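A.B. asks: Could you have a look at this structure, given as structure tokens, before my questions?
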Amino acid sequence: MSISSNIHQSIVKFSSTISQQTLGLVSYSPDRCGTSSQCFENVYSYAQKNGGREQFGWMFQQRTVASIPEASYLIAIHHAVWYAPNGHLIDITPFHNDRKHH
């Protein structure tokens with residue numbers, strides 16, 4: 001079993017403790033005017049200018065323990081993405097400079 005398959009299974013298991021909604025993927029297209037770590041404000045402003053609306057959910061991040069590289073864990077962060085008028089979900093918030101937040 002590949003690492004990505006293990007991560008996927010971990011996300012499926014973890015997400016079921018948070019919500020019964022279906023998991024899904026979104027496209028990533030950061031807005032030049034957006035600010036990292038400000039997804040709610042970014043999406044609200046973007047929807048006001050471009051139509052669509054906010055879609056709230058969870059973003060999962062895998063972290064590792066620096067002193068034990070083979071040890072990793074998942075965290076869930078409440079997150080907002082743009083629900084475009086054409087029905088696509090797009091994460092418009094730029095990544096944080098610190099890679100552990102990607």
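Letters A, B, ... go to the chains of the structure tokens in the order shown; residues in each chain start at 1; ligands are counted from 1 in the same order.
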What's the 12 Å shell around Ser36 (chain A), counting only C-alpha atoms, without same-chain residues fewer than 3 positions away, as an MDAnalysis selection string?
C.D. replies: chainID A and resid 30:33 39:43 79 91:99 101:102
A.B. asks: Limited to N, CA and C atoms, could you put the picked residues into a file as a PDB file, in the first residue's frame?
C.D. replies:
```pdb
ATOM      1  N   PRO A  30      -5.012  30.376  -6.261  1.00  0.00           N
ATOM      2  CA  PRO A  30      -4.954  31.476  -5.296  1.00  0.00           C
ATOM      3  C   PRO A  30      -5.222  32.838  -5.931  1.00  0.00           C
ATOM      4  N   ASP A  31      -5.982  33.642  -5.220  1.00  0.00           N
ATOM      5  CA  ASP A  31      -6.275  35.009  -5.634  1.00  0.00           C
ATOM      6  C   ASP A  31      -5.104  35.901  -5.233  1.00  0.00           C
ATOM      7  N   ARG A  32      -4.608  36.694  -6.182  1.00  0.00           N
ATOM      8  CA  ARG A  32      -3.470  37.592  -5.903  1.00  0.00           C
ATOM      9  C   ARG A  32      -3.785  38.579  -4.789  1.00  0.00           C
ATOM     10  N   CYS A  33      -5.044  38.921  -4.619  1.00  0.00           N
ATOM     11  CA  CYS A  33      -5.430  39.889  -3.585  1.00  0.00           C
ATOM     12  C   CYS A  33      -5.709  39.226  -2.240  1.00  0.00           C
ATOM     13  N   CYS A  39      -8.938  32.685   5.010  1.00  0.00           N
ATOM     14  CA  CYS A  39      -9.822  32.094   4.006  1.00  0.00           C
ATOM     15  C   CYS A  39     -11.246  32.645   4.065  1.00  0.00           C
ATOM     16  N   PHE A  40     -11.786  32.868   5.233  1.00  0.00           N
ATOM     17  CA  PHE A  40     -13.176  33.333   5.330  1.00  0.00           C
ATOM     18  C   PHE A  40     -13.329  34.730   4.717  1.00  0.00           C
ATOM     19  N   GLU A  41     -12.412  35.622   5.070  1.00  0.00           N
ATOM     20  CA  GLU A  41     -12.447  36.969   4.520  1.00  0.00           C
ATOM     21  C   GLU A  41     -12.170  36.957   3.015  1.00  0.00           C
ATOM     22  N   ASN A  42     -11.186  36.159   2.589  1.00  0.00           N
ATOM     23  CA  ASN A  42     -10.840  36.075   1.172  1.00  0.00           C
ATOM     24  C   ASN A  42     -12.030  35.620   0.342  1.00  0.00           C
ATOM     25  N   VAL A  43     -12.669  34.555   0.761  1.00  0.00           N
ATOM     26  CA  VAL A  43     -13.778  33.992  -0.010  1.00  0.00           C
ATOM     27  C   VAL A  43     -14.978  34.936  -0.004  1.00  0.00           C
ATOM     28  N   HIS A  79     -12.265  25.540   7.142  1.00  0.00           N
ATOM     29  CA  HIS A  79     -11.768  26.244   5.966  1.00  0.00           C
ATOM     30  C   HIS A  79     -12.928  26.693   5.092  1.00  0.00           C
ATOM     31  N   ASP A  91     -10.255  26.701  -4.078  1.00  0.00           N
ATOM     32  CA  ASP A  91      -9.581  27.297  -2.926  1.00  0.00           C
ATOM     33  C   ASP A  91      -8.788  28.489  -3.447  1.00  0.00           C
ATOM     34  N   ILE A  92      -9.201  29.683  -3.065  1.00  0.00           N
ATOM     35  CA  ILE A  92      -8.577  30.908  -3.573  1.00  0.00           C
ATOM     36  C   ILE A  92      -7.592  31.523  -2.582  1.00  0.00           C
ATOM     37  N   THR A  93      -7.449  30.940  -1.405  1.00  0.00           N
ATOM     38  CA  THR A  93      -6.569  31.501  -0.381  1.00  0.00           C
ATOM     39  C   THR A  93      -5.120  31.084  -0.631  1.00  0.00           C
ATOM     40  N   PRO A  94      -4.215  32.065  -0.727  1.00  0.00           N
ATOM     41  CA  PRO A  94      -2.797  31.734  -0.946  1.00  0.00           C
ATOM     42  C   PRO A  94      -2.238  30.906   0.212  1.00  0.00           C
ATOM     43  N   PHE A  95      -1.296  30.026  -0.134  1.00  0.00           N
ATOM     44  CA  PHE A  95      -0.628  29.238   0.903  1.00  0.00           C
ATOM     45  C   PHE A  95       0.159  30.147   1.839  1.00  0.00           C
ATOM     46  N   HIS A  96       0.270  29.721   3.065  1.00  0.00           N
ATOM     47  CA  HIS A  96       1.105  30.350   4.075  1.00  0.00           C
ATOM     48  C   HIS A  96       2.571  30.155   3.669  1.00  0.00           C
ATOM     49  N   ASN A  97       3.451  31.055   4.052  1.00  0.00           N
ATOM     50  CA  ASN A  97       4.878  30.920   3.731  1.00  0.00           C
ATOM     51  C   ASN A  97       5.496  29.677   4.359  1.00  0.00           C
ATOM     52  N   ASP A  98       5.005  29.275   5.513  1.00  0.00           N
ATOM     53  CA  ASP A  98       5.539  28.100   6.208  1.00  0.00           C
ATOM     54  C   ASP A  98       4.926  26.837   5.579  1.00  0.00           C
ATOM     55  N   ARG A  99       5.758  25.979   5.000  1.00  0.00           N
ATOM     56  CA  ARG A  99       5.273  24.797   4.281  1.00  0.00           C
ATOM     57  C   ARG A  99       4.437  23.861   5.130  1.00  0.00           C
ATOM     58  N   HIS A 101       2.003  24.499   6.716  1.00  0.00           N
ATOM     59  CA  HIS A 101       0.607  24.912   6.596  1.00  0.00           C
ATOM     60  C   HIS A 101       0.018  24.629   5.231  1.00  0.00           C
ATOM     61  N   HIS A 102       0.764  23.988   4.347  1.00  0.00           N
ATOM     62  CA  HIS A 102       0.250  23.696   3.003  1.00  0.00           C
ATOM     63  C   HIS A 102      -0.624  22.466   3.015  1.00  0.00           C
TER      64      HIS A 102
END
```
A.B. asks: Can you list, as a VMD selection string, every protein, DNA or RNA residue that comes within 10 Å of Met59 (chain A) when you count only C-alpha atoms, leaving out same-chain residues fewer than 5 positions away?
C.D. replies: chain A and resid 15 25 75 to 81 102
A.B. asks: Just asking: which residues within chain A are strand (DSSP E) according to DSSP, as a count of residues only?
C.D. replies: 34
